[in-house]
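**Q** Supplied structure: upload-v3.txt, compact mmCIF, C-alpha atoms.
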```
# COMPACT_ATOMS: atom_id res chain seq x y z
CA MET J 7 0.00 0.00 0.00
CA ASP J 8 1.13 3.52 -0.71
CA ALA J 9 3.16 4.91 2.20
CA LYS J 10 1.21 8.14 2.33
CA ILE J 11 -2.11 6.32 2.65
CA GLU J 12 -0.66 4.22 5.49
CA TYR J 13 0.59 7.38 7.18
CA LEU J 14 -2.82 9.05 6.90
CA LEU J 15 -4.55 5.95 8.32
CA ARG J 16 -2.20 6.07 11.30
CA GLN J 17 -3.15 9.66 12.05
CA GLY J 18 -6.85 9.02 11.51
CA ASP J 19 -6.91 5.81 13.55
CA ASN J 20 -5.06 7.36 16.51
CA ALA J 21 -7.64 10.13 16.69
CA LEU J 22 -10.57 7.76 16.08
CA ILE J 23 -9.71 5.15 18.70
CA LEU J 24 -8.89 7.70 21.39
CA SER J 25 -12.09 9.58 20.54
CA GLN J 26 -14.10 6.37 20.90
CA GLN J 27 -12.48 5.60 24.26
CA LEU J 28 -13.17 9.10 25.60
CA SER J 29 -16.75 8.94 24.32
CA GLN J 30 -17.30 5.86 26.47
CA LEU J 31 -16.80 8.11 29.50
CA CYS J 32 -19.76 10.31 28.54
CA GLY J 33 -21.96 10.50 31.61
CA LYS J 34 -19.32 8.71 33.69
CA GLY J 35 -16.79 11.49 34.29
CA PRO J 36 -15.74 11.99 37.92
CA ALA J 37 -17.24 15.51 37.83
CA LEU J 38 -19.51 17.31 35.39
CA GLU J 39 -16.68 19.58 34.20
CA GLU J 40 -14.45 16.59 33.52
CA ASP J 41 -17.25 14.82 31.70
CA MET J 42 -17.74 17.80 29.39
CA ALA J 43 -14.02 18.15 28.80
CA LEU J 44 -13.53 14.49 27.91
CA THR J 45 -16.40 14.50 25.46
CA ASN J 46 -15.35 17.81 23.90
CA VAL J 47 -11.85 16.46 23.35
CA ALA J 48 -13.46 13.32 21.88
CA LEU J 49 -15.45 15.53 19.52
CA ASP J 50 -12.37 17.45 18.34
CA LEU J 51 -10.55 14.15 17.74
CA LEU J 52 -13.50 12.78 15.80
CA GLY J 53 -13.51 15.84 13.56
CA GLN J 54 -9.79 15.39 12.95
CA THR J 55 -10.38 11.70 12.20
CA ARG J 56 -12.81 12.63 9.44
CA MET J 57 -10.26 14.89 7.74
CA TRP J 58 -7.50 12.24 7.85
CA LEU J 59 -9.64 9.28 6.79
CA THR J 60 -11.39 11.22 4.03
CA TYR J 61 -8.02 12.12 2.55
CA ALA J 62 -6.76 8.52 2.91
CA GLY J 63 -9.85 7.21 1.15
CA GLU J 64 -9.51 9.72 -1.69
CA LEU J 65 -5.86 8.80 -2.29
CA GLU J 66 -6.69 5.11 -2.17
CA GLY J 67 -9.35 5.60 -4.85
CA GLN J 68 -11.24 2.40 -4.00
CA GLY J 69 -14.46 4.16 -3.07
CA ARG J 70 -13.86 3.93 0.69
CA ASP J 71 -14.94 7.08 2.47
CA GLU J 72 -14.38 8.01 6.15
CA ASP J 73 -17.31 5.85 7.27
CA LYS J 74 -16.25 2.76 5.36
CA LEU J 75 -12.72 3.10 6.71
CA ALA J 76 -13.95 3.57 10.28
CA PHE J 77 -16.64 0.91 10.34
CA HIS J 78 -15.67 -1.73 7.79
CA ARG J 79 -12.10 -2.54 8.76
CA ASP J 80 -11.15 -5.21 11.27
CA ALA J 81 -8.56 -4.84 14.04
CA GLY J 82 -5.61 -6.02 11.94
CA GLU J 83 -6.26 -3.23 9.46
CA PHE J 84 -6.21 -0.49 12.10
CA ARG J 85 -3.03 1.55 12.28
CA ASN J 86 -3.35 3.32 15.64
CA CYS J 87 -0.55 3.16 18.19
CA LEU J 88 -0.98 0.90 21.24
CA LEU J 89 -1.18 3.85 23.65
CA VAL J 90 -4.66 4.96 22.52
CA GLU J 91 -6.18 1.48 22.97
CA GLN J 92 -5.11 1.22 26.63
CA PRO J 93 -8.19 1.01 28.87
CA ASN J 94 -10.01 3.79 30.72
CA ALA J 95 -8.99 1.91 33.86
CA SER J 96 -9.10 4.80 36.35
CA TYR J 97 -9.21 8.55 35.95
CA ALA J 98 -5.47 8.63 36.65
CA GLU J 99 -4.88 6.21 33.76
CA THR J 100 -7.25 8.15 31.51
CA MET J 101 -5.55 11.49 32.17
CA MET J 102 -2.02 10.14 31.97
CA ARG J 103 -2.82 8.45 28.64
CA GLN J 104 -4.27 11.75 27.46
CA PHE J 105 -1.27 13.76 28.56
CA LEU J 106 1.24 11.44 26.87
CA PHE J 107 -0.86 11.39 23.70
CA ASP J 108 -1.51 15.15 23.68
CA THR J 109 2.19 15.95 24.08
CA TRP J 110 3.17 13.74 21.15
CA HIS J 111 0.17 14.95 19.12
CA TYR J 112 1.01 18.61 19.75
CA PHE J 113 4.60 18.32 18.53
CA LEU J 114 3.60 16.13 15.58
CA MET J 115 0.96 18.63 14.41
CA GLN J 116 3.46 21.44 14.86
CA GLY J 117 5.91 19.53 12.65
CA LEU J 118 3.25 18.75 10.06
CA LEU J 119 2.51 22.47 9.64
CA GLN J 120 5.65 22.44 7.47
CA SER J 121 4.59 19.36 5.49
CA THR J 122 5.30 19.47 1.76
CA ASP J 123 1.83 17.96 1.24
CA PRO J 124 -0.45 21.02 1.38
CA ARG J 125 -3.53 19.04 2.40
CA ILE J 126 -1.67 17.48 5.35
CA ALA J 127 -0.37 20.92 6.35
CA GLU J 128 -3.96 22.26 6.29
CA ILE J 129 -5.31 19.45 8.45
CA ALA J 130 -2.41 19.97 10.87
CA GLU J 131 -3.12 23.72 11.01
CA LYS J 132 -6.74 23.06 11.90
CA SER J 133 -5.84 20.37 14.46
CA PHE J 134 -2.94 22.22 16.06
CA LYS J 135 -5.10 24.87 17.73
CA GLU J 136 -7.40 22.24 19.18
CA VAL J 137 -4.54 20.03 20.35
CA THR J 138 -2.88 23.01 22.06
CA TYR J 139 -5.97 23.44 24.19
CA HIS J 140 -6.08 19.70 24.95
CA LEU J 141 -2.46 19.68 26.06
CA ARG J 142 -2.85 22.73 28.30
CA ARG J 143 -5.66 20.99 30.08
CA SER J 144 -4.11 17.53 30.40
CA GLY J 145 -0.80 19.02 31.56
CA ASP J 146 -2.65 21.07 34.20
CA LEU J 147 -4.45 18.00 35.48
CA VAL J 148 -1.29 15.89 35.65
CA VAL J 149 0.26 18.58 37.85
CA ARG J 150 -2.83 18.98 40.02
CA LEU J 151 -3.27 15.25 40.55
CA GLY J 152 0.43 14.39 40.76
CA ASP J 153 1.12 17.17 43.25
CA GLY J 154 -2.19 16.55 45.00
CA THR J 155 -3.03 14.17 47.84
CA ASP J 156 -0.96 11.10 48.72
CA THR J 157 -3.60 8.96 47.01
CA SER J 158 -3.78 10.97 43.79
CA HIS J 159 0.01 11.14 43.66
CA ALA J 160 0.35 7.37 44.04
CA MET J 161 -2.33 6.73 41.41
CA MET J 162 -0.73 9.08 38.91
CA GLN J 163 2.71 7.55 39.45
CA ALA J 164 1.28 4.05 38.98
CA ALA J 165 -0.53 5.17 35.80
CA LEU J 166 2.66 6.69 34.45
CA ASP J 167 4.64 3.53 35.23
CA ASP J 168 1.96 1.38 33.54
CA LEU J 169 1.65 3.48 30.42
CA TRP J 170 5.26 4.48 29.89
CA MET J 171 6.06 1.40 27.78
CA TYR J 172 3.47 2.63 25.25
CA SER J 173 4.87 6.16 25.03
CA GLY J 174 7.71 5.42 22.61
CA GLU J 175 6.04 3.64 19.70
CA CYS J 176 5.39 6.82 17.76
CA PHE J 177 9.10 7.63 17.70
CA ILE J 178 10.15 4.22 16.37
CA TYR J 179 10.07 4.95 12.66
CA ASP J 180 9.53 2.22 10.08
CA ALA J 181 9.70 2.24 6.28
CA VAL J 182 6.42 4.20 6.03
CA ASP J 183 7.57 6.92 8.42
CA ASN J 184 10.99 7.12 6.81
CA ALA J 185 9.45 7.52 3.36
CA MET J 186 7.37 10.40 4.73
CA VAL J 187 10.45 12.09 6.19
CA GLU J 188 12.34 11.69 2.91
CA GLN J 189 9.48 13.33 1.00
CA GLY J 190 9.38 16.21 3.48
CA ILE J 191 5.88 15.20 4.53
CA ALA J 192 6.58 14.29 8.17
CA PRO J 193 9.00 15.55 10.84
CA LYS J 194 12.00 13.50 11.94
CA ALA J 195 11.67 11.12 14.88
CA ASP J 196 14.62 12.52 16.83
CA ASP J 197 13.29 16.09 16.79
CA LEU J 198 9.84 14.96 17.87
CA ARG J 199 11.18 12.71 20.61
CA ALA J 200 13.43 15.42 22.05
CA ALA J 201 10.55 17.91 22.20
CA PHE J 202 8.24 15.27 23.69
CA LEU J 203 10.68 14.23 26.43
CA ASP J 204 11.46 17.85 27.27
CA HIS J 205 7.82 18.79 27.79
CA VAL J 206 6.94 15.57 29.60
CA ASN J 207 9.90 16.07 31.93
CA ASP J 208 8.83 19.68 32.69
CA ILE J 209 5.29 18.68 33.59
CA LEU J 210 6.24 15.56 35.54
CA THR J 211 8.79 17.50 37.55
CA GLU J 212 6.18 20.08 38.50
CA ALA J 213 3.78 17.23 39.26
CA THR J 214 6.41 15.69 41.64
CA LEU J 215 6.26 12.47 39.61
CA SER J 216 9.30 10.40 38.64
CA MET J 217 9.80 10.00 34.92
CA PRO J 218 10.74 6.43 33.95
CA SER J 219 13.79 5.96 31.75
CA PRO J 220 13.35 7.17 28.17
CA ASP J 221 15.57 4.24 27.17
CA ALA J 222 13.22 1.63 28.67
CA TYR J 223 11.88 -1.03 26.28
CA MET J 224 8.95 0.36 24.33
CA GLN J 225 6.02 -1.76 23.12
CA ARG J 226 5.43 -1.52 19.39
CA GLY J 227 3.35 -2.95 16.58
CA GLY J 228 0.09 -0.98 16.65
CA LYS J 229 0.87 1.17 13.65
CA GLN J 230 1.71 -1.96 11.66
CA GLY J 231 -1.61 -3.54 12.67
CA ARG J 232 -0.45 -5.77 15.56
CA HIS J 233 -2.71 -4.77 18.44
CA THR J 234 -3.53 -5.74 21.99
CA GLU J 235 -6.76 -7.73 22.43
CA ARG J 236 -8.33 -4.58 23.75
CA LEU J 237 -8.80 -3.09 20.25
CA GLY J 238 -11.19 -5.88 19.27
CA PHE J 239 -13.53 -4.97 22.12
CA ILE J 240 -13.38 -1.27 21.24
CA LEU J 241 -14.24 -2.01 17.62
CA ALA J 242 -16.98 -4.48 18.57
CA GLU J 243 -18.83 -1.63 20.25
CA MET J 244 -17.91 1.11 17.79
CA GLN J 245 -18.75 -0.91 14.68
CA PHE J 246 -21.76 -2.82 16.01
CA LEU J 247 -24.42 -0.98 14.06
CA GLN J 248 -22.65 -1.20 10.71
CA ARG J 249 -21.82 -4.86 11.30
CA ALA J 250 -25.41 -5.73 12.23
CA TYR J 251 -27.04 -3.53 9.59
CA PRO J 252 -24.45 -2.95 6.84
CA GLY J 253 -24.95 0.34 5.00
CA ALA J 254 -27.49 1.67 7.52
CA GLU J 255 -27.82 5.47 7.37
CA TRP J 256 -29.42 8.13 9.52
CA MET N 13 -20.04 47.73 -10.03
CA ASN N 14 -20.87 44.98 -12.49
CA THR N 15 -23.81 42.65 -12.11
CA GLN N 16 -21.73 39.82 -10.64
CA ASN N 17 -20.33 41.99 -7.84
CA ALA N 18 -23.76 43.31 -7.04
CA THR N 19 -25.05 39.79 -6.86
CA ALA N 20 -22.22 38.60 -4.61
CA SER N 21 -22.79 41.46 -2.20
CA GLN N 22 -26.48 40.61 -2.24
CA VAL N 23 -25.58 37.03 -1.30
CA TRP N 24 -23.42 38.32 1.59
CA SER N 25 -26.38 40.25 2.95
CA TRP N 26 -28.65 37.20 2.61
CA LEU N 27 -26.10 35.10 4.47
CA GLY N 28 -26.06 37.77 7.16
CA GLU N 29 -29.60 36.64 7.94
CA VAL N 30 -28.67 32.96 8.43
CA PRO N 31 -28.34 32.32 12.17
CA ASP N 32 -25.83 30.05 13.84
CA PRO N 33 -27.89 27.01 14.91
CA GLU N 34 -26.39 26.87 18.42
CA ILE N 35 -26.26 30.60 19.09
CA PRO N 36 -29.13 32.01 17.02
CA VAL N 37 -28.43 35.66 17.89
CA ILE N 38 -25.41 35.77 15.60
CA SER N 39 -25.30 35.08 11.89
CA VAL N 40 -22.87 32.82 10.09
CA VAL N 41 -21.30 35.97 8.61
CA ASP N 42 -20.82 37.58 12.05
CA LEU N 43 -19.26 34.34 13.23
CA GLY N 44 -16.63 34.74 10.52
CA ILE N 45 -17.06 31.34 8.89
CA VAL N 46 -18.18 32.59 5.47
CA ARG N 47 -14.87 33.22 3.71
CA ASP N 48 -15.88 33.91 0.14
CA VAL N 49 -18.84 34.29 -2.18
CA ALA N 50 -18.32 34.02 -5.92
CA PHE N 51 -20.23 33.26 -9.06
CA ILE N 52 -18.81 30.75 -11.47
CA GLY N 53 -21.12 30.89 -14.45
CA ASP N 54 -24.61 30.67 -12.99
CA GLU N 55 -23.44 28.76 -9.93
CA CYS N 56 -23.04 30.54 -6.61
CA VAL N 57 -19.99 29.20 -4.77
CA VAL N 58 -19.91 29.89 -1.04
CA THR N 59 -16.68 29.07 0.79
CA ILE N 60 -17.05 28.31 4.48
CA THR N 61 -14.54 27.23 7.09
CA PRO N 62 -15.31 25.07 10.12
CA THR N 63 -15.07 26.54 13.62
CA TYR N 64 -13.88 23.38 15.36
CA SER N 65 -13.15 20.32 13.25
CA GLY N 66 -15.74 18.21 15.07
CA CYS N 67 -18.40 20.86 15.52
CA PRO N 68 -21.73 19.15 14.72
CA ALA N 69 -23.28 22.53 13.88
CA MET N 70 -21.30 22.70 10.64
CA GLN N 71 -23.58 20.31 8.79
CA VAL N 72 -26.66 22.20 9.92
CA ILE N 73 -25.00 25.46 8.85
CA SER N 74 -24.27 24.08 5.38
CA GLU N 75 -27.88 23.03 4.97
CA ALA N 76 -29.17 26.37 6.28
CA VAL N 77 -26.94 28.34 3.89
CA THR N 78 -28.07 26.29 0.91
CA GLU N 79 -31.73 26.58 1.89
CA ALA N 80 -31.51 30.33 2.41
CA LEU N 81 -29.98 30.90 -1.00
CA HIS N 82 -32.53 28.62 -2.67
CA ALA N 83 -35.25 30.63 -0.94
CA HIS N 84 -33.83 33.77 -2.52
CA GLY N 85 -34.07 32.20 -5.94
CA LEU N 86 -30.53 30.96 -6.45
CA GLU N 87 -30.91 27.53 -7.96
CA LYS N 88 -27.31 26.42 -8.21
CA VAL N 89 -25.46 26.67 -4.93
CA LYS N 90 -22.18 24.99 -4.17
CA LEU N 91 -20.51 24.94 -0.76
CA VAL N 92 -16.76 24.67 -0.55
CA ASN N 93 -15.10 23.74 2.73
CA ARG N 94 -11.81 25.55 3.34
CA LEU N 95 -9.45 24.52 6.17
CA SER N 96 -6.63 27.02 5.78
CA PRO N 97 -6.20 29.64 7.10
CA ALA N 98 -7.88 28.03 10.09
CA TRP N 99 -10.88 29.84 11.55
CA THR N 100 -10.13 32.22 14.38
CA THR N 101 -12.39 34.18 16.69
CA ASP N 102 -10.53 37.27 15.41
CA TRP N 103 -12.84 37.02 12.40
CA MET N 104 -15.94 37.49 14.53
CA SER N 105 -17.55 40.86 13.83
CA GLU N 106 -18.07 43.54 16.49
CA THR N 107 -21.81 43.23 15.85
CA GLY N 108 -21.51 39.52 16.55
CA LYS N 109 -19.58 40.08 19.77
CA ALA N 110 -22.14 42.59 21.01
CA ALA N 111 -24.96 40.17 20.19
CA LEU N 112 -23.23 37.38 22.11
CA LYS N 113 -22.92 39.59 25.16
CA GLY N 114 -26.60 40.55 24.96
CA TYR N 115 -27.43 36.84 24.80
CA GLY N 116 -25.51 36.14 28.04
CA ILE N 117 -22.35 34.71 26.50
CA ALA N 118 -19.11 36.59 27.19
CA PRO N 119 -17.47 37.25 23.81
CA PRO N 120 -13.78 36.39 23.17
CA VAL N 121 -11.72 39.11 24.85
CA GLN N 122 -8.31 38.71 23.27
CA GLN N 123 -6.90 38.43 19.83
CA ALA N 124 -6.37 34.73 19.28
CA ILE N 125 -2.76 33.81 19.88
CA ASP N 126 -1.02 33.27 16.59
CA ILE N 127 0.49 29.91 15.79
CA SER N 128 4.04 30.88 16.75
CA GLY N 129 2.74 32.28 20.02
CA LEU N 130 1.33 28.88 20.83
CA ARG N 131 4.79 27.34 20.94
CA GLY N 132 5.48 28.53 24.43
CA GLY N 133 1.80 28.34 25.17
CA VAL N 134 1.80 24.81 26.49
CA LYS N 135 4.49 25.50 29.07
CA ARG N 136 2.83 25.78 32.43
CA GLY N 137 2.28 29.41 33.35
CA ALA N 138 3.05 30.64 29.83
CA PHE N 139 -0.64 30.90 29.14
CA VAL N 140 -2.60 33.25 31.35
CA GLU N 141 -6.36 32.90 31.33
CA PRO N 142 -7.82 36.19 30.09
CA GLU N 143 -9.83 38.58 32.25
CA VAL N 144 -13.40 37.88 31.23
CA THR N 145 -16.22 40.34 31.90
CA CYS N 146 -19.46 38.94 33.31
CA PRO N 147 -22.18 39.44 30.65
CA ASN N 148 -24.82 39.78 33.36
CA CYS N 149 -23.41 42.44 35.73
CA GLY N 150 -20.28 43.70 33.95
CA SER N 151 -17.90 42.69 36.75
CA LYS N 152 -14.38 41.62 35.86
CA HIS N 153 -14.26 39.64 39.08
CA THR N 154 -14.82 36.27 37.39
CA GLN N 155 -13.30 32.81 37.53
CA LEU N 156 -12.87 29.88 35.17
CA THR N 157 -14.99 26.90 36.24
CA SER N 158 -14.27 24.56 33.36
CA GLN N 159 -12.11 24.80 30.24
CA PHE N 160 -14.92 23.21 28.26
CA GLY N 161 -18.57 24.16 28.20
CA SER N 162 -21.78 23.14 26.47
CA THR N 163 -20.23 23.38 22.98
CA PRO N 164 -16.62 23.05 21.74
CA CYS N 165 -16.33 26.82 21.31
CA LYS N 166 -17.19 27.75 24.90
CA ALA N 167 -15.72 27.56 28.40
CA LEU N 168 -17.64 27.84 31.65
CA TYR N 169 -17.05 30.78 34.00
CA LYS N 170 -18.65 32.12 37.13
CA CYS N 171 -19.03 35.67 38.34
CA LEU N 172 -17.72 36.20 41.86
CA ASP N 173 -19.89 39.32 42.32
CA CYS N 174 -23.35 38.46 41.00
CA ARG N 175 -22.62 34.74 41.51
CA GLU N 176 -24.09 33.77 38.16
CA PRO N 177 -22.41 31.10 36.03
CA PHE N 178 -21.98 32.02 32.37
CA ASP N 179 -20.55 30.78 29.09
CA TYR N 180 -17.42 32.34 27.62
CA PHE N 181 -16.75 32.09 23.88
CA LYS N 182 -13.09 31.03 23.87
CA CYS N 183 -10.40 32.74 21.84
CA HIS N 184 -9.40 30.34 19.13
```
Hey, can you dump this file as structure tokens for me?

**A**
Amino acid sequence: MDAKIEYLLRQGDNALILSQQLSQLCGKGPALEEDMALTNVALDLLGQTRMWLTYAGELEGQGRDEDKLAFHRDAGEFRNCLLVEQPNASYAETMMRQFLFDTWHYFLMQGLLQSTDPRIAEIAEKSFKEVTYHLRRSGDLVVRLGDGTDTSHAMMQAALDDLWMYSGECFIYDAVDNAMVEQGIAPKADDLRAAFLDHVNDILTEATLSMPSPDAYMQRGGKQGRHTERLGFILAEMQFLQRAYPGAEW
Amino acid sequence: MNTQNATASQVWSWLGEVPDPEIPVISVVDLGIVRDVAFIGDECVVTITPTYSGCPAMQVISEAVTEALHAHGLEKVKLVNRLSPAWTTDWMSETGKAALKGYGIAPPVQQAIDISGLRGGVKRGAFVEPEVTCPNCGSKHTQLTSQFGSTPCKALYKCLDCREPFDYFKCH
């Protein structure tokens, strides 16, 4: 498959799966304000998903639009990183996952503003403003909860330790990523990783949390389609209607 | 002024009557999302830009724009979605801001930070929440309750003087 289509699916699937996970918290947030924030972030990510998947479908030219790509692919065809499919286990896990994702997402969108593909640069420009707001909020909450009570501190540290092994996949470039860098479409891994670690370190320090080693072993495989079992359950719920009633419309 | 220009300006004024579906006191033109009106042959091409990428109001707005122009006798209407430059609250008209305030929503108070300004904007403390005026009593003694409100474009504030909660239309 064309490298650019793969790259677009990765962006779209990251946003889609995280959006779906956040949507599942609608009505279950720990406070009304948190509930609204989670679902608003989910909505932004869903809008971004549509732009990425629509473009991927157009380039592919097989008649698959955003909906077909979202609802008619099975887990092995999804290209999201493993981080976004980690469960909404506790609010600490949810916010730590969000913070790690937002930080990477922010610097990636910033890099893609310079993409030689004008359509990708446009989508990044639109997303970047939204992602900035997401990152401000998730960074604030990591500090408030990390530097909070003994309980919240312990939960945030445990969440960080659990999720850290999923924080590096996006910086492990494969042939698809390298092709994008060579064409000037995507930013280099080293630049992104340095910016990511710098911001994460700043926030974690202020949050009185200990950052695990950046050189720790990092789980990988999601963006090549090798997922945890968790993705199947997410898709089972997300795709139910289209699987039960193929082609159903509003 | 040739006929085409006259017609385009007529279309702008018609669009000025199309309300935002979520905040009906302001029009889609006041909101700053209509970017261009042009005639290509006998087809009227209206270029709009989304506020937030996931905003569900955009589809309703597209339908409302098309319907309004059909109602004014334009048969061929085409809507073009433009992403760049990305929509900013700086494009909201003064009339629109005044209407928001009258409706009980505090309008955006700053110029939106430009893209380069956002670079330092995620460092803690680099971004200072703006001083928002209470749309009910005019006090500047207000406080952020929640970064997100009832729609993607709003945050929730409360007034520490009149004690009323209110929506703030965020700078974007």

**Q** For chain N, which residues have at least one atom within 7 Å of chain J, if we go by only C-alpha atoms? Write them as a ChimeraX atom specification, please.

**A** /N:64-66,95-96,98,134,158,160-161,164

**Q** Distance cut-off 12 Å, centre (-17.2, 42.8, 34.2) in file coordinates, counting all atoms listed in the file: which residues qualify? Return them as a PDB file with C-alpha atoms, in the coordinates of the input.

**A**
```
ATOM      1  CA  LYS N 113     -22.920  39.590  25.160  1.00  0.00           C
ATOM      2  CA  ALA N 118     -19.110  36.590  27.190  1.00  0.00           C
ATOM      3  CA  PRO N 119     -17.470  37.250  23.810  1.00  0.00           C
ATOM      4  CA  VAL N 121     -11.720  39.110  24.850  1.00  0.00           C
ATOM      5  CA  GLU N 143      -9.830  38.580  32.250  1.00  0.00           C
ATOM      6  CA  VAL N 144     -13.400  37.880  31.230  1.00  0.00           C
ATOM      7  CA  THR N 145     -16.220  40.340  31.900  1.00  0.00           C
ATOM      8  CA  CYS N 146     -19.460  38.940  33.310  1.00  0.00           C
ATOM      9  CA  PRO N 147     -22.180  39.440  30.650  1.00  0.00           C
ATOM     10  CA  ASN N 148     -24.820  39.780  33.360  1.00  0.00           C
ATOM     11  CA  CYS N 149     -23.410  42.440  35.730  1.00  0.00           C
ATOM     12  CA  GLY N 150     -20.280  43.700  33.950  1.00  0.00           C
ATOM     13  CA  SER N 151     -17.900  42.690  36.750  1.00  0.00           C
ATOM     14  CA  LYS N 152     -14.380  41.620  35.860  1.00  0.00           C
ATOM     15  CA  HIS N 153     -14.260  39.640  39.080  1.00  0.00           C
ATOM     16  CA  THR N 154     -14.820  36.270  37.390  1.00  0.00           C
ATOM     17  CA  GLN N 155     -13.300  32.810  37.530  1.00  0.00           C
ATOM     18  CA  LYS N 170     -18.650  32.120  37.130  1.00  0.00           C
ATOM     19  CA  CYS N 171     -19.030  35.670  38.340  1.00  0.00           C
ATOM     20  CA  LEU N 172     -17.720  36.200  41.860  1.00  0.00           C
ATOM     21  CA  ASP N 173     -19.890  39.320  42.320  1.00  0.00           C
ATOM     22  CA  CYS N 174     -23.350  38.460  41.000  1.00  0.00           C
ATOM     23  CA  PHE N 178     -21.980  32.020  32.370  1.00  0.00           C
TER      24      PHE N 178
END
```

**Q** Enter the distance from CA of Pro68 (chain N) to CA of Ile117 (chain N), in Å, rounded to one decimal.

**A**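 Separation of CA of Pro68 (chain N) and CA of Ile117 (chain N): 19.5 Å.
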
**Q** Measure the distance from CA of Asp167 (chain J) to CA of Met217 (chain J) in Å and round it to one decimal.

**A** 8.3 Å

**Q** Write out as number ranges by chain the residues lying within 12 Å of Ala242 (chain J), counting all atoms listed in the file and excluding same-chain residues fewer than 2 positions away.

**A** J: 26, 76-81, 235-240, 244-250

**Q** What would the file look like if the residues just selected were written as a compact mmCIF listing (two decimals), in the coordinates of the input with C-alpha atoms?

**A**
```txt
# COMPACT_ATOMS: atom_id res chain seq x y z
CA GLN J 26 -14.10 6.37 20.90
CA ALA J 76 -13.95 3.57 10.28
CA PHE J 77 -16.64 0.91 10.34
CA HIS J 78 -15.67 -1.73 7.79
CA ARG J 79 -12.10 -2.54 8.76
CA ASP J 80 -11.15 -5.21 11.27
CA ALA J 81 -8.56 -4.84 14.04
CA GLU J 235 -6.76 -7.73 22.43
CA ARG J 236 -8.33 -4.58 23.75
CA LEU J 237 -8.80 -3.09 20.25
CA GLY J 238 -11.19 -5.88 19.27
CA PHE J 239 -13.53 -4.97 22.12
CA ILE J 240 -13.38 -1.27 21.24
CA MET J 244 -17.91 1.11 17.79
CA GLN J 245 -18.75 -0.91 14.68
CA PHE J 246 -21.76 -2.82 16.01
CA LEU J 247 -24.42 -0.98 14.06
CA GLN J 248 -22.65 -1.20 10.71
CA ARG J 249 -21.82 -4.86 11.30
CA ALA J 250 -25.41 -5.73 12.23
```

**Q** For a test of reading the model, state the distance in Å between CA of Pro62 (chain N) and CA of Trp99 (chain N), rounded to one decimal.

**A**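 Interatomic distance, CA of Pro62 (chain N) to CA of Trp99 (chain N): 6.7 Å.
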
**Q** With a distance cut-off of 9 Å and all atoms listed in the file, select the neighbouring residues of Glu99 (chain J), excluding the residue or stretch itself and same-chain residues fewer than 3 positions from it, and output the selection as a ChimeraX atom specification.

**A** /J:92-96,102-104,161-162,164-166,168-169

**Q** Keeping C-alpha atoms for every residue in the selection just given, could you write it to a file as a short mmCIF file (atom, residue, chain, number, x, y, z; two decimals), in the coordinates of the input?

**A**
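selection24.cif written:
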```cif
data_model
loop_
_atom_site.label_atom_id
_atom_site.label_comp_id
_atom_site.auth_asym_id
_atom_site.auth_seq_id
_atom_site.Cartn_x
_atom_site.Cartn_y
_atom_site.Cartn_z
CA GLN J 92 -5.11 1.22 26.63
CA PRO J 93 -8.19 1.01 28.87
CA ASN J 94 -10.01 3.79 30.72
CA ALA J 95 -8.99 1.91 33.86
CA SER J 96 -9.10 4.80 36.35
CA MET J 102 -2.02 10.14 31.97
CA ARG J 103 -2.82 8.45 28.64
CA GLN J 104 -4.27 11.75 27.46
CA MET J 161 -2.33 6.73 41.41
CA MET J 162 -0.73 9.08 38.91
CA ALA J 164 1.28 4.05 38.98
CA ALA J 165 -0.53 5.17 35.80
CA LEU J 166 2.66 6.69 34.45
CA ASP J 168 1.96 1.38 33.54
CA LEU J 169 1.65 3.48 30.42
#
```

**Q** Using all atoms listed in the file, which residues sit within 7 Å of Trp58 (chain J) once same-chain residues fewer than 4 positions away are excluded, as a list in words?

**A**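 Within the cut-off, the hits are Leu14, Leu15, Gln17, Gly18, Gln54 and Ala62 of chain J.
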
**Q** Can you tell me which residues surround Ala200 (chain J) at a distance of at most 12 Å, considering only C-alpha atoms, apart from same-chain residues fewer than 5 positions away, and format the answer as a list in words?

**A**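 The residues satisfying every condition are Thr109, Trp110, Phe113, Leu114, Gly174, Phe177, Lys194, Ala195, His205, Val206, Asn207 and Pro220 of chain J.
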
**Q** Compile the contact shell of region 50-57 of chain N as a list in words: residues with an atom at most 8 Å away, counting only C-alpha atoms, same-chain residues fewer than 2 positions apart removed.

**A**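 Listing them by chain and then by number gives Gln16, Ala20, Asp48, Thr59, Leu86, Glu87, Lys88, Val89, Lys90, Leu91 and Val92 of chain N.
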